[in-house]
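Student: First, the structure itself, so that you have it in front of you.
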Amino acid sequence: MRVLVIEDETRLADALAWGLRADGYAVDVTGNGAVGLEQAMTQPYDAVILDIMLPGLNGYRVCAELRRSGVDTPILMLTAKNGEHDEAEALDTGADDYLSKPFAWVVLTARLRALLRRAPSTRSPKIEVGELVIDPARRACHRAGQEIRLTAKEFTVLECLARQAGYVVSKTEILDRVWDGAYQGDSNVIEVYVSALRRKIDVPFGCRTIDTVRGVGYRLLADA
């Protein structure tokens with residue numbers, strides 16, 4: 001899942017990015033409303049966390065413009081403490097939910113998961129590739145009825161492959177979907193996670209479902 005955080009309070013933005021990345025999300029951050037609007041309109045995000053008070057454009061205008069342009073990405077707006085009018089205007093301009101500052105981390109992540117579950121989408125709640133079942137809403141993975149414990153990043157890499165099962169997914173596409181604009185490392189990191197996934201979802205079951213397409217990327221197959 002890829003999330004855009006539009007928040008100009010640096011410490012809060014950094015904390016949000018750090019926490020969400022630790023939970024397996026790819027996160028882009030900007031502190032400018034106009035820049036955030038452009039990013040949200042031109043890049044495929046699964047959710048936007050949007051503050052109200054921003055330089056460039058305030059959160060209300062960003063939200064309203066996204067909705068006016070037909071962008072239906074779920075928006076969680078951050079409002080002032082006890083700001084009932086802020087909350088009402090957030091919903092009126094098209095936000096899907098709001099959260100008053102200060103907030104608890106567990107509440108923010110729960111609200112975000114709820115938005116992602118009910119987001120308008122053609123995605124199935126669960127992805128089945130042969131006997132392998134991936135449940136994005138619960139961040140759970142099973143094979144032949146047996147639970148497979150994955151780290152947050154392992155799960156996100158697997159989900160990226162599973163959503164295009166049978167097709168080759170390039171390393172560039174995996175980096176774009178699983179990591180974020182702040183990542184400056186080597187694309188070989190993907191090989192590390194694919195190897196870890198094979199040890200967990202294939203080896204114990206005598207399968208080889210993650211196929212390497214040399215020079216291109218990887219393909220998830222059904223019980224090969």
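Residue numbers start at 1 in each chain; chains themselves are named A, B, ... in the order of the structure tokens; ligands are numbered from 1 in the order shown.
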Need to verify the contact set: Asn58 in chain A, 12 Å, only C-alpha atoms, exclusion of same-chain residues closer than 2 positions in sequence. Can you return it as a VMD selection string?
Tutor: chain A and resid 6 to 8 31 to 37 50 to 56 60 to 65 77 to 79 86 90 93
Student: Convert the current residue selection to file output with N, CA and C atoms, as a compact mmCIF listing (two decimals), in the first residue's frame.
Tutor:
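Saved the output as out-v5.txt:
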```
# COMPACT_ATOMS: atom_id res chain seq x y z
N ILE A 6 0.56 14.57 3.59
CA ILE A 6 0.71 16.00 3.32
C ILE A 6 0.58 16.72 4.66
N GLU A 7 1.72 17.05 5.22
CA GLU A 7 1.79 17.61 6.58
C GLU A 7 3.03 18.49 6.67
N ASP A 8 2.84 19.77 7.07
CA ASP A 8 3.99 20.68 7.10
C ASP A 8 4.69 20.75 8.46
N GLY A 31 5.27 18.81 2.55
CA GLY A 31 4.71 19.78 3.48
C GLY A 31 4.01 20.92 2.79
N ASN A 32 3.79 20.80 1.48
CA ASN A 32 3.17 21.87 0.71
C ASN A 32 1.89 21.37 0.05
N GLY A 33 0.80 22.12 0.23
CA GLY A 33 -0.48 21.68 -0.30
C GLY A 33 -0.52 21.59 -1.80
N ALA A 34 0.07 22.55 -2.51
CA ALA A 34 0.06 22.54 -3.97
C ALA A 34 0.85 21.36 -4.51
N VAL A 35 2.00 21.09 -3.89
CA VAL A 35 2.82 19.96 -4.31
C VAL A 35 2.08 18.65 -4.03
N GLY A 36 1.45 18.57 -2.85
CA GLY A 36 0.70 17.37 -2.50
C GLY A 36 -0.45 17.11 -3.46
N LEU A 37 -1.14 18.17 -3.87
CA LEU A 37 -2.23 18.04 -4.83
C LEU A 37 -1.73 17.45 -6.14
N LEU A 50 -3.97 13.98 5.18
CA LEU A 50 -3.95 15.38 4.78
C LEU A 50 -4.21 16.32 5.95
N ASP A 51 -3.26 17.20 6.21
CA ASP A 51 -3.45 18.23 7.24
C ASP A 51 -4.26 19.39 6.65
N ILE A 52 -4.87 20.19 7.52
CA ILE A 52 -5.66 21.33 7.05
C ILE A 52 -4.78 22.54 6.77
N MET A 53 -3.98 22.92 7.76
CA MET A 53 -3.18 24.13 7.64
C MET A 53 -1.88 23.84 6.92
N LEU A 54 -1.82 24.24 5.65
CA LEU A 54 -0.67 23.96 4.80
C LEU A 54 -0.29 25.18 3.99
N PRO A 55 0.99 25.36 3.70
CA PRO A 55 1.39 26.41 2.75
C PRO A 55 1.02 25.98 1.34
N GLY A 56 0.89 26.92 0.44
CA GLY A 56 0.52 26.61 -0.94
C GLY A 56 -0.97 26.56 -1.09
N TYR A 60 -8.41 21.81 2.86
CA TYR A 60 -9.76 21.84 2.30
C TYR A 60 -9.71 21.96 0.78
N ARG A 61 -8.88 22.89 0.30
CA ARG A 61 -8.80 23.13 -1.15
C ARG A 61 -8.18 21.94 -1.86
N VAL A 62 -7.18 21.32 -1.23
CA VAL A 62 -6.57 20.13 -1.82
C VAL A 62 -7.62 19.02 -1.96
N CYS A 63 -8.35 18.79 -0.90
CA CYS A 63 -9.36 17.75 -0.90
C CYS A 63 -10.46 18.03 -1.93
N ALA A 64 -10.95 19.26 -1.93
CA ALA A 64 -12.02 19.63 -2.85
C ALA A 64 -11.58 19.49 -4.31
N GLU A 65 -10.36 19.88 -4.60
CA GLU A 65 -9.85 19.81 -5.97
C GLU A 65 -9.67 18.37 -6.42
N MET A 77 -8.26 13.22 6.96
CA MET A 77 -7.84 14.59 7.22
C MET A 77 -7.54 14.78 8.70
N LEU A 78 -6.44 15.48 8.98
CA LEU A 78 -6.03 15.78 10.35
C LEU A 78 -6.55 17.17 10.71
N THR A 79 -7.34 17.24 11.78
CA THR A 79 -7.98 18.49 12.17
C THR A 79 -7.47 18.97 13.52
N ASP A 86 -13.96 22.35 11.81
CA ASP A 86 -12.96 21.75 10.93
C ASP A 86 -13.41 20.38 10.47
N ALA A 90 -14.23 19.31 6.71
CA ALA A 90 -13.43 18.23 6.12
C ALA A 90 -14.32 17.24 5.39
N THR A 93 -16.01 18.75 2.22
CA THR A 93 -15.16 18.95 1.03
C THR A 93 -14.75 17.63 0.40
```
Student: I'd like to know which residues of range 29-146 of chain A are alpha helix (DSSP H) (by DSSP, run on the backbone); could you write them as number ranges by chain?
Tutor: A: 33-42, 59-68, 84-92, 105-118
Student: Could you give me, as a list in words, the residues within 12 Å of range 162-164 of chain A, counting only C-alpha atoms and dropping anything in the same chain fewer than 6 positions from it?
Tutor: Met1, Thr122, Arg123, Ser124, Pro125, Lys126, Ile127, Glu128, Val129, Gly130, Leu132, Val133, Ile134, Asp135, Pro136, Cys141, Phe155, Thr156, Ser170, Glu173, Ile174, Arg177, Thr209, Ile210, Tyr218, Arg219, Leu220, Leu221 and Ala222 of chain A
Student: Write out as a list in words which residues come within 8 Å of Val27 in chain A when counting only C-alpha atoms, dropping same-chain ones fewer than 6 positions away.
Tutor: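 The residues that qualify are Arg2, Val3, Leu4, Val5, Ala17, Leu20, Arg21, Trp179, Asp180 and Gly181 of chain A.
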Student: Quick one: pull the distance between CA of Arg138 in chain A and CA of Arg113 in chain A, Å, one decimal.
Tutor: 8.9 Å
Student: Please identify all polymer residues within 9 Å of Met41 in chain A, counting only C-alpha atoms, omitting same-chain residues fewer than 5 positions from it, and present them as a PyMOL selection string.
Tutor: chain A and resi 36+66+69+71
Student: Counting only C-alpha atoms, figure out which residue out of A:Leu161, A:Leu116, A:Leu108, A:Ala144 gets nearest to Gly19 in chain A.
Tutor: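 Closest to Gly19 in chain A, using only C-alpha atoms: A:Leu108.
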Student: Leaving out Asp211 in chain A and any residue of its chain fewer than 3 positions from it, which residues lie within 12 Å of it when counting only C-alpha atoms, given as a PyMOL selection string?
Tutor: chain A and resi 161+165-170+191+194-195+197-198+202+207-208+214+216-224
Student: Mind the document's chain letters and residue numbers, and return as a ChimeraX atom specification the residues of chain A that DSSP labels strand (DSSP E or B).
Tutor: /A:2-6,26-30,47-51,75-79,97-100,127-129,132-135,140-143,146-147,168-170,210-213,217-220
Student: Excluding Val192 in chain A and any residue of its chain fewer than 6 positions from it, enumerate the residues within 12 Å of it, using only C-alpha atoms, and give them as a PyMOL selection string.
Tutor: chain A and resi 153-154+157+186+198-199
Student: What does the file look like for those residues with N, CA and C atoms, as a PDB file, in the first residue's frame?
Tutor:
```pdb
ATOM      1  N   LYS A 153       7.231  -5.862   5.390  1.00  0.00           N
ATOM      2  CA  LYS A 153       7.749  -5.640   4.040  1.00  0.00           C
ATOM      3  C   LYS A 153       7.619  -6.897   3.182  1.00  0.00           C
ATOM      4  N   GLU A 154       7.846  -8.071   3.769  1.00  0.00           N
ATOM      5  CA  GLU A 154       7.659  -9.314   3.024  1.00  0.00           C
ATOM      6  C   GLU A 154       6.216  -9.430   2.535  1.00  0.00           C
ATOM      7  N   VAL A 157       5.586  -7.032  -0.444  1.00  0.00           N
ATOM      8  CA  VAL A 157       6.173  -7.528  -1.694  1.00  0.00           C
ATOM      9  C   VAL A 157       5.308  -8.655  -2.256  1.00  0.00           C
ATOM     10  N   ASP A 186      19.812   0.071  -3.334  1.00  0.00           N
ATOM     11  CA  ASP A 186      19.965  -0.782  -4.508  1.00  0.00           C
ATOM     12  C   ASP A 186      18.705  -1.606  -4.733  1.00  0.00           C
ATOM     13  N   ARG A 198      10.393 -17.046  -0.485  1.00  0.00           N
ATOM     14  CA  ARG A 198      10.485 -18.443  -0.950  1.00  0.00           C
ATOM     15  C   ARG A 198      10.703 -19.405   0.218  1.00  0.00           C
ATOM     16  N   ARG A 199      11.531 -18.985   1.178  1.00  0.00           N
ATOM     17  CA  ARG A 199      11.795 -19.850   2.327  1.00  0.00           C
ATOM     18  C   ARG A 199      10.545 -20.057   3.180  1.00  0.00           C
TER      19      ARG A 199
END
```
Student: Using only C-alpha atoms, find the one residue out of A:Ala152, A:Val213, A:Trp18, A:Asp96 that sits nearest to Tyr193 in chain A.
Tutor: A:Ala152
Student: Could you please determine the separation between CA of Asp176 in chain A and CA of Val189 in chain A in Å, to one decimal place?
Tutor: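 A separation of 13.0 Å between them.
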Student: Go through A:Ile190, A:Ile201, A:Ala80, A:Ala196 and flag the residue nearest Lys101 in chain A, using only C-alpha atoms for the distances.
Tutor: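 For Lys101 in chain A, the nearest of the given residues is A:Ala80.
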